[in-house]
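Presented below is the structure to which this report refers.
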Amino acid sequence: MPKTHAVGIDLGTTNSAMALAETGGGGAVHAVPITQAVSFQAVEDRELLPSAVYFPLENEIAAASLRLPWGEPDLHRGLVGRFAREHGGMIPDRLVTSAKSWLGNPHVDPRRPVLPWNPESGEGRVSAFEANRLYLEHLRGMLEHELARRQAGGIEECEIVLTVPASFDEVARNLTHEAAAEAGLGEVTLLEEQQAAFYHWLSETEDWREQVRPGDIVLICDVGGGTSDFSLVAVSEREGNLELERISVGDHILLGGDNMDLALAHILRGELSGRGHQIDHRQFLALVHSCRTAKERLFADPVLGEASISLPSRGSGLFAGTITTALKRETLEEAILNGFFPRSEIGEHPARRRQVGFREFGLPYAADPALSRHLAFFLSRSCENALSSEKLAEKVAGRVGEIGETRFIRPSAVLFNGGVFKAEPLRRRVLDLLQIWCGEPVRALSGIHLDLAVAKGAAAYARIRITGEGIRIRAGTARSYYLGLESSMPAVPGFVPPLKAVCVAPQGMEEGTEEILPGREFGLLTGEPAEFRFFSSSVRAGDAMGTVVENAEELEETASLEATLSPLREGREEVVPVTLHSVFTELGTLELWLRHEASGRRWKLAYNLRGSEI
């Protein structure tokens, strides 16, 4: 069936969004207003859908009278959206947030119902997978309603692109893809969020070819409510045409605007305490929200010296009154500019907490709040990665800097994304830091909607997929992927051979391509339980299919899978010779096949399981 509409979905850590575009005539991409509850009795349309699930109390369910355009929500399964986040903030043990980040947690089974995270029991009401499926199910209902309103057919006539962080490993990517399928969205295509922001910039900027030129390295600096991600895109020229290639991605850093609001709230709570006002948990949540609003007011108006804040007192009587305070500009600048964006050196990298042997389990939040140090580390590690590959070394030629013992990529332009960068002082601080590090001004690319850029860019990319018209960013896999390989060597008393790893998907392997390693065979255990361990690296771009890393500890372990592969001959446990065959599908998922050439028998190893438990 021909596709008539292009849909982009930004499944965000803090907020989600959706955009829609018709394929004909190159029309504009429109954000789809998302209907959601604003109370237990009312719904409204909002641009953003907070990525939050609240599990109502039984009396709340009994008193509710909610109806969405596509039907009545089943509140026993949870309530999604704005009211869920605001009301659930008062009862945090019934509220799920940051579920997307739990998909990328290597120490948790994403299908185990552990959310809301309860450190005492380790059990909750929903899994990370199910929470994300609920968000996508809500968006699917909204999409069907919007298509019906437009008399535009059904979902099967839509090309749907769903975004994921560039830093997601294959386990988290595949889980996201599967959640979309179970939510009724069909076979969606995955696209990195930072690429989506760049596609939005391309679609919204008529003179983009004049703003970037061959030899440029564009830094995509994405700081949202709960996470931060960095990517680099190289601009080159072939036969007179500009080419774009994503050459590096950073880690998924659990650090963003929410941290900033929390920091301001802690400061003001201390000031209130000094004045004799002890605020409770509910008042503190209100203070966090008020700090967010005050922060945005001060950043938007450089003349404003302070922004007033009022909190309800704990009394319930008619004359309970309010507690008043103010967020002063000097407090804002000290806490946000100097706390999260300090003027650090390129050689200053994120500080690590002292390793404690026993700790509270949860999400791996960033230990260092200084985003400037995280950015410096990313540029340094990107340089290491690029110089490990002859191809990438050519791409960054002329953009490698060196200060002291630190070599790093010197970006020539930066594209900001994420709600944090609505604040001009924060954009300016990043540009100032880059100018100091690079020894020259770094220009900012302008012209995108910071809250909706990812969703709109995903829709723009979906339209390119349908029409075949428009420039594409060459990207492929953001990391190199490896399969653990047992060493073949004589036994030596007191010595355990290190686990090796063989590269099964080199960094940059493009969608719709295959990698086969002919003429080299490995032994595959069949007919009895066996463990398969998967690894990745973001700094070994020079590794090719079949490259063997002598010590897998040099890599990052991403998943393990215990399985019993069916034997060639029934009832036989044996090691059979196989060749490696990797497929990076058009949909953006990686498949690994092991083939017995003599019989043509194949086994597929899935990246969609995590073997470790809490």
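Following the order of the structure tokens, chains are lettered A, B, ..., residues in each are numbered from 1, and ligands are numbered from 1.
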So that I can see what lies close to Val400 of chain A, please list as a PyMOL selection string the residues with an atom at most 7 Å from it, counting only C-alpha atoms and leaving out residues fewer than 5 positions away in the same chain. chain A and resi 407-410
Would you kindly return, as a PyMOL selection string, each protein, DNA or RNA residue with an atom no farther than 12 Å from any atom of segment 33-36 of chain A, considering only C-alpha atoms and excluding same-chain residues fewer than 4 positions away? chain A and resi 9+15-20+40-53+66-73+79-85+135-136+138-146+452
Which parts of segment 357-518 of chain A does DSSP call strand (DSSP E) when run on the backbone here, written out as a ChimeraX atom specification? /A:400-403,406-409,413-417,443-445,473-474,480-485,500-505,513-516
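Every protein or nucleic acid residue with an atom no more than 9 Å from Ala606 of chain A, counting only C-alpha atoms and leaving out same-chain residues fewer than 4 positions away, appears here: Val171, Leu561, Leu590, Glu591 and Leu592 of chain A.
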If you keep all heavy atoms, can you produce a file of those selected residues as a PDB file, in the first residue's frame?
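After the write, part-v6.pdb holds the following:
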```
ATOM      1  N   VAL A 171      20.233  -3.363  22.329  1.00  0.00           N
ATOM      2  CA  VAL A 171      19.186  -3.903  23.194  1.00  0.00           C
ATOM      3  C   VAL A 171      18.079  -2.872  23.363  1.00  0.00           C
ATOM      4  O   VAL A 171      16.888  -3.159  23.161  1.00  0.00           O
ATOM      5  CB  VAL A 171      19.761  -4.307  24.564  1.00  0.00           C
ATOM      6  CG1 VAL A 171      18.660  -4.829  25.469  1.00  0.00           C
ATOM      7  CG2 VAL A 171      20.847  -5.353  24.399  1.00  0.00           C
ATOM      8  N   LEU A 561      22.963 -13.366  26.803  1.00  0.00           N
ATOM      9  CA  LEU A 561      21.821 -14.188  26.443  1.00  0.00           C
ATOM     10  C   LEU A 561      22.158 -15.634  26.721  1.00  0.00           C
ATOM     11  O   LEU A 561      23.194 -16.130  26.265  1.00  0.00           O
ATOM     12  CB  LEU A 561      21.489 -14.004  24.954  1.00  0.00           C
ATOM     13  CG  LEU A 561      20.527 -15.011  24.308  1.00  0.00           C
ATOM     14  CD1 LEU A 561      19.130 -14.832  24.887  1.00  0.00           C
ATOM     15  CD2 LEU A 561      20.502 -14.804  22.792  1.00  0.00           C
ATOM     16  N   LEU A 590      19.591  -4.345  14.314  1.00  0.00           N
ATOM     17  CA  LEU A 590      20.728  -5.191  13.944  1.00  0.00           C
ATOM     18  C   LEU A 590      20.371  -6.653  14.180  1.00  0.00           C
ATOM     19  O   LEU A 590      19.873  -7.024  15.242  1.00  0.00           O
ATOM     20  CB  LEU A 590      21.954  -4.805  14.785  1.00  0.00           C
ATOM     21  CG  LEU A 590      23.248  -5.570  14.524  1.00  0.00           C
ATOM     22  CD1 LEU A 590      23.733  -5.352  13.100  1.00  0.00           C
ATOM     23  CD2 LEU A 590      24.317  -5.134  15.522  1.00  0.00           C
ATOM     24  N   GLU A 591      20.645  -7.484  13.181  1.00  0.00           N
ATOM     25  CA  GLU A 591      20.430  -8.924  13.290  1.00  0.00           C
ATOM     26  C   GLU A 591      21.759  -9.643  13.105  1.00  0.00           C
ATOM     27  O   GLU A 591      22.546  -9.281  12.228  1.00  0.00           O
ATOM     28  CB  GLU A 591      19.438  -9.415  12.229  1.00  0.00           C
ATOM     29  CG  GLU A 591      18.049  -8.829  12.359  1.00  0.00           C
ATOM     30  CD  GLU A 591      17.101  -9.316  11.266  1.00  0.00           C
ATOM     31  OE1 GLU A 591      17.585 -10.032  10.344  1.00  0.00           O
ATOM     32  OE2 GLU A 591      15.898  -8.998  11.327  1.00  0.00           O
ATOM     33  N   LEU A 592      21.997 -10.661  13.927  1.00  0.00           N
ATOM     34  CA  LEU A 592      23.225 -11.450  13.835  1.00  0.00           C
ATOM     35  C   LEU A 592      22.848 -12.898  13.568  1.00  0.00           C
ATOM     36  O   LEU A 592      22.129 -13.521  14.351  1.00  0.00           O
ATOM     37  CB  LEU A 592      24.027 -11.350  15.140  1.00  0.00           C
ATOM     38  CG  LEU A 592      25.276 -12.229  15.239  1.00  0.00           C
ATOM     39  CD1 LEU A 592      26.259 -11.904  14.115  1.00  0.00           C
ATOM     40  CD2 LEU A 592      25.943 -12.060  16.591  1.00  0.00           C
TER      41      LEU A 592
END
```
Using only C-alpha atoms, I'd like a table of the residues in segment 55-144 of chain A that come within 12 Å of segment 279-300 of chain A; for each, show the closest atom pair and its distance in Å rounded to one decimal, ordered by chain and ascending number, as a tab-separated table.
```
residue	atom	partner	partner_atom	distance
A:Arg85	CA	A:Leu285	CA	11.3
A:Glu86	CA	A:Leu285	CA	9.3
A:His87	CA	A:Leu285	CA	10.6
A:Gly88	CA	A:Leu285	CA	10.7
A:Gly89	CA	A:Leu285	CA	7.0
A:Met90	CA	A:Arg282	CA	6.0
A:Ile91	CA	A:Arg282	CA	9.0
A:Pro92	CA	A:His281	CA	10.2
```
Just-selected residues, all heavy atoms written as a PDB file, in the first residue's frame:
```pdb
ATOM      1  N   ARG A  85       1.749  13.416  35.489  1.00  0.00           N
ATOM      2  CA  ARG A  85       2.988  13.919  36.073  1.00  0.00           C
ATOM      3  C   ARG A  85       2.730  14.881  37.232  1.00  0.00           C
ATOM      4  O   ARG A  85       3.379  14.790  38.284  1.00  0.00           O
ATOM      5  CB  ARG A  85       3.835  14.618  35.005  1.00  0.00           C
ATOM      6  CG  ARG A  85       5.186  15.102  35.519  1.00  0.00           C
ATOM      7  CD  ARG A  85       6.020  15.708  34.409  1.00  0.00           C
ATOM      8  NE  ARG A  85       5.421  16.913  33.866  1.00  0.00           N
ATOM      9  CZ  ARG A  85       5.885  17.553  32.795  1.00  0.00           C
ATOM     10  NH1 ARG A  85       6.929  17.066  32.135  1.00  0.00           N
ATOM     11  NH2 ARG A  85       5.302  18.649  32.347  1.00  0.00           N
ATOM     12  N   GLU A  86       1.772  15.802  37.047  1.00  0.00           N
ATOM     13  CA  GLU A  86       1.540  16.823  38.071  1.00  0.00           C
ATOM     14  C   GLU A  86       0.881  16.227  39.317  1.00  0.00           C
ATOM     15  O   GLU A  86       1.322  16.473  40.442  1.00  0.00           O
ATOM     16  CB  GLU A  86       0.679  17.939  37.489  1.00  0.00           C
ATOM     17  CG  GLU A  86       1.391  18.736  36.405  1.00  0.00           C
ATOM     18  CD  GLU A  86       0.537  19.859  35.859  1.00  0.00           C
ATOM     19  OE1 GLU A  86      -0.670  19.905  36.179  1.00  0.00           O
ATOM     20  OE2 GLU A  86       1.067  20.692  35.095  1.00  0.00           O
ATOM     21  N   HIS A  87      -0.154  15.438  39.119  1.00  0.00           N
ATOM     22  CA  HIS A  87      -0.845  14.843  40.257  1.00  0.00           C
ATOM     23  C   HIS A  87       0.014  13.744  40.882  1.00  0.00           C
ATOM     24  O   HIS A  87       0.082  13.619  42.110  1.00  0.00           O
ATOM     25  CB  HIS A  87      -2.193  14.276  39.801  1.00  0.00           C
ATOM     26  CG  HIS A  87      -3.000  13.685  40.919  1.00  0.00           C
ATOM     27  ND1 HIS A  87      -3.556  14.437  41.921  1.00  0.00           N
ATOM     28  CD2 HIS A  87      -3.331  12.388  41.191  1.00  0.00           C
ATOM     29  CE1 HIS A  87      -4.204  13.658  42.765  1.00  0.00           C
ATOM     30  NE2 HIS A  87      -4.080  12.402  42.346  1.00  0.00           N
ATOM     31  N   GLY A  88       0.680  12.966  40.040  1.00  0.00           N
ATOM     32  CA  GLY A  88       1.522  11.889  40.546  1.00  0.00           C
ATOM     33  C   GLY A  88       2.704  12.386  41.344  1.00  0.00           C
ATOM     34  O   GLY A  88       3.232  11.660  42.201  1.00  0.00           O
ATOM     35  N   GLY A  89       3.123  13.646  41.094  1.00  0.00           N
ATOM     36  CA  GLY A  89       4.220  14.205  41.869  1.00  0.00           C
ATOM     37  C   GLY A  89       3.899  14.297  43.345  1.00  0.00           C
ATOM     38  O   GLY A  89       4.803  14.327  44.192  1.00  0.00           O
ATOM     39  N   MET A  90       2.600  14.328  43.673  1.00  0.00           N
ATOM     40  CA  MET A  90       2.191  14.382  45.072  1.00  0.00           C
ATOM     41  C   MET A  90       2.208  12.992  45.721  1.00  0.00           C
ATOM     42  O   MET A  90       2.224  12.881  46.948  1.00  0.00           O
ATOM     43  CB  MET A  90       0.774  14.972  45.179  1.00  0.00           C
ATOM     44  CG  MET A  90       0.605  16.311  44.483  1.00  0.00           C
ATOM     45  SD  MET A  90       1.677  17.606  45.162  1.00  0.00           S
ATOM     46  CE  MET A  90       1.276  18.979  44.074  1.00  0.00           C
ATOM     47  N   ILE A  91       2.181  11.953  44.883  1.00  0.00           N
ATOM     48  CA  ILE A  91       2.192  10.571  45.387  1.00  0.00           C
ATOM     49  C   ILE A  91       3.266   9.821  44.591  1.00  0.00           C
ATOM     50  O   ILE A  91       2.958   9.012  43.722  1.00  0.00           O
ATOM     51  CB  ILE A  91       0.812   9.900  45.218  1.00  0.00           C
ATOM     52  CG1 ILE A  91      -0.315  10.845  45.656  1.00  0.00           C
ATOM     53  CG2 ILE A  91       0.749   8.588  46.016  1.00  0.00           C
ATOM     54  CD1 ILE A  91      -1.703  10.310  45.403  1.00  0.00           C
ATOM     55  N   PRO A  92       4.527  10.100  44.829  1.00  0.00           N
ATOM     56  CA  PRO A  92       5.602   9.610  43.962  1.00  0.00           C
ATOM     57  C   PRO A  92       5.713   8.096  43.886  1.00  0.00           C
ATOM     58  O   PRO A  92       6.265   7.580  42.910  1.00  0.00           O
ATOM     59  CB  PRO A  92       6.860  10.238  44.571  1.00  0.00           C
ATOM     60  CG  PRO A  92       6.488  10.621  45.961  1.00  0.00           C
ATOM     61  CD  PRO A  92       5.044  10.961  45.909  1.00  0.00           C
TER      62      PRO A  92
END
```
List the spatial neighbours of Pro342 of chain A as a short mmCIF file (atom, residue, chain, number, x, y, z; two decimals) with C-alpha atoms, in the first residue's frame - criterion: any atom at most 9 Å away, only C-alpha atoms, same-chain residues fewer than 4 positions off excluded.
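Saved to around.cif:
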```
data_model
loop_
_atom_site.label_atom_id
_atom_site.label_comp_id
_atom_site.auth_asym_id
_atom_site.auth_seq_id
_atom_site.Cartn_x
_atom_site.Cartn_y
_atom_site.Cartn_z
CA ILE A 336 23.02 27.22 36.53
CA LEU A 337 25.77 28.95 34.59
CA ASN A 338 28.58 28.24 37.03
CA ALA A 370 29.05 20.12 34.87
CA LEU A 371 27.83 19.69 31.28
CA SER A 372 30.87 21.58 30.04
CA ARG A 373 33.12 18.77 31.32
CA ARG A 429 28.03 30.05 27.49
CA LEU A 433 33.51 27.64 25.86
#
```
Would you write out, as a tab-separated table, a table of all residues in segment 489-531 of chain A that have an atom no more than 12 Å from an atom of segment 453-473 of chain A, listing for each the closest atom pair and the distance in Å to one decimal, considering only C-alpha atoms and ordering rows by chain and rising residue number?
```
residue	atom	partner	partner_atom	distance
A:Gly508	CA	A:Ile473	CA	11.7
A:Glu510	CA	A:Ile473	CA	10.7
A:Glu511	CA	A:Ile473	CA	11.5
```
Excluding Thr23 of chain A and residues on its chain fewer than 5 positions from it, collect all residues at most 7 Å away from it, counting only C-alpha atoms, and give them as a PDB file with C-alpha atoms, in the first residue's frame.
```pdb
ATOM      1  CA  THR A   4       0.505   9.052   1.896  1.00  0.00           C
ATOM      2  CA  HIS A   5       1.562  10.570   5.222  1.00  0.00           C
ATOM      3  CA  ALA A   6       4.889  10.946   7.006  1.00  0.00           C
ATOM      4  CA  ARG A 463       8.844  12.020   3.932  1.00  0.00           C
TER       5      ARG A 463
END
```
Give me the residues near Arg602 of chain A as a count of residues only, where near means some atom within 12 Å (using only C-alpha atoms) and where sequence neighbours in that chain fewer than 2 positions away do not count. 24
Excluding same-chain residues fewer than 2 positions from Leu363 of chain A, what lies within 9 Å of it counting only C-alpha atoms, as a PDB file with all heavy atoms, in the first residue's frame?
```
ATOM      1  N   SER A 101      14.945   5.792  30.043  1.00  0.00           N
ATOM      2  CA  SER A 101      16.319   5.578  30.508  1.00  0.00           C
ATOM      3  C   SER A 101      16.487   4.197  31.133  1.00  0.00           C
ATOM      4  O   SER A 101      17.582   3.620  31.090  1.00  0.00           O
ATOM      5  CB  SER A 101      16.706   6.664  31.520  1.00  0.00           C
ATOM      6  OG  SER A 101      16.753   7.931  30.893  1.00  0.00           O
ATOM      7  N   TRP A 102      15.414   3.641  31.699  1.00  0.00           N
ATOM      8  CA  TRP A 102      15.510   2.298  32.271  1.00  0.00           C
ATOM      9  C   TRP A 102      15.696   1.249  31.180  1.00  0.00           C
ATOM     10  O   TRP A 102      16.233   0.169  31.442  1.00  0.00           O
ATOM     11  CB  TRP A 102      14.264   1.980  33.103  1.00  0.00           C
ATOM     12  CG  TRP A 102      14.259   2.657  34.443  1.00  0.00           C
ATOM     13  CD1 TRP A 102      13.737   3.881  34.745  1.00  0.00           C
ATOM     14  CD2 TRP A 102      14.806   2.155  35.663  1.00  0.00           C
ATOM     15  NE1 TRP A 102      13.919   4.168  36.075  1.00  0.00           N
ATOM     16  CE2 TRP A 102      14.573   3.126  36.667  1.00  0.00           C
ATOM     17  CE3 TRP A 102      15.464   0.979  36.010  1.00  0.00           C
ATOM     18  CZ2 TRP A 102      14.982   2.957  37.983  1.00  0.00           C
ATOM     19  CZ3 TRP A 102      15.863   0.800  37.331  1.00  0.00           C
ATOM     20  CH2 TRP A 102      15.622   1.787  38.303  1.00  0.00           C
ATOM     21  N   ASN A 105      19.345   0.612  30.925  1.00  0.00           N
ATOM     22  CA  ASN A 105      20.062   0.212  32.134  1.00  0.00           C
ATOM     23  C   ASN A 105      20.471  -1.255  32.010  1.00  0.00           C
ATOM     24  O   ASN A 105      19.618  -2.145  31.996  1.00  0.00           O
ATOM     25  CB  ASN A 105      19.161   0.411  33.359  1.00  0.00           C
ATOM     26  CG  ASN A 105      19.918   0.253  34.664  1.00  0.00           C
ATOM     27  OD1 ASN A 105      20.877  -0.501  34.752  1.00  0.00           O
ATOM     28  ND2 ASN A 105      19.471   0.961  35.685  1.00  0.00           N
ATOM     29  N   LEU A 254      22.385  11.067  32.043  1.00  0.00           N
ATOM     30  CA  LEU A 254      21.170  11.384  32.798  1.00  0.00           C
ATOM     31  C   LEU A 254      21.373  12.677  33.573  1.00  0.00           C
ATOM     32  O   LEU A 254      21.640  12.697  34.773  1.00  0.00           O
ATOM     33  CB  LEU A 254      20.822  10.232  33.734  1.00  0.00           C
ATOM     34  CG  LEU A 254      20.464   8.910  33.045  1.00  0.00           C
ATOM     35  CD1 LEU A 254      20.054   7.869  34.068  1.00  0.00           C
ATOM     36  CD2 LEU A 254      19.373   9.098  32.018  1.00  0.00           C
ATOM     37  N   PHE A 361      20.366   1.059  44.702  1.00  0.00           N
ATOM     38  CA  PHE A 361      20.268   0.767  43.279  1.00  0.00           C
ATOM     39  C   PHE A 361      19.288   1.726  42.613  1.00  0.00           C
ATOM     40  O   PHE A 361      18.338   2.198  43.222  1.00  0.00           O
ATOM     41  CB  PHE A 361      19.806  -0.681  43.080  1.00  0.00           C
ATOM     42  CG  PHE A 361      20.014  -1.170  41.683  1.00  0.00           C
ATOM     43  CD1 PHE A 361      21.237  -1.684  41.292  1.00  0.00           C
ATOM     44  CD2 PHE A 361      18.993  -1.109  40.749  1.00  0.00           C
ATOM     45  CE1 PHE A 361      21.432  -2.133  40.001  1.00  0.00           C
ATOM     46  CE2 PHE A 361      19.180  -1.551  39.464  1.00  0.00           C
ATOM     47  CZ  PHE A 361      20.396  -2.065  39.089  1.00  0.00           C
ATOM     48  N   TYR A 365      22.600   7.876  37.303  1.00  0.00           N
ATOM     49  CA  TYR A 365      22.631   9.323  37.097  1.00  0.00           C
ATOM     50  C   TYR A 365      24.076   9.815  37.009  1.00  0.00           C
ATOM     51  O   TYR A 365      24.982   9.246  37.612  1.00  0.00           O
ATOM     52  CB  TYR A 365      21.913  10.046  38.229  1.00  0.00           C
ATOM     53  CG  TYR A 365      20.428   9.796  38.269  1.00  0.00           C
ATOM     54  CD1 TYR A 365      19.876   8.964  39.230  1.00  0.00           C
ATOM     55  CD2 TYR A 365      19.586  10.392  37.344  1.00  0.00           C
ATOM     56  CE1 TYR A 365      18.502   8.730  39.268  1.00  0.00           C
ATOM     57  CE2 TYR A 365      18.223  10.166  37.371  1.00  0.00           C
ATOM     58  CZ  TYR A 365      17.682   9.331  38.328  1.00  0.00           C
ATOM     59  OH  TYR A 365      16.329   9.090  38.352  1.00  0.00           O
TER      60      TYR A 365
END
```
Of A:Ser480, A:Arg329, A:Gln194, A:Glu187, the one nearest to Gly542 of chain A when counting only C-alpha atoms is A:Ser480
Between A:Ala393, A:Leu483, A:Ala505, A:Val549, which is the closest to Phe532 of chain A once you count only C-alpha atoms? A:Leu483
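Comparing A:Val442, A:Ile247, A:Leu242, A:Ala397 by their smallest distance to Arg209 of chain A, the closest is A:Leu242 (using only C-alpha atoms).
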What is the distance between atom CA of Leu115 of chain A and atom CA of Val7 of chain A, in Å to one decimal? 29.4 Å
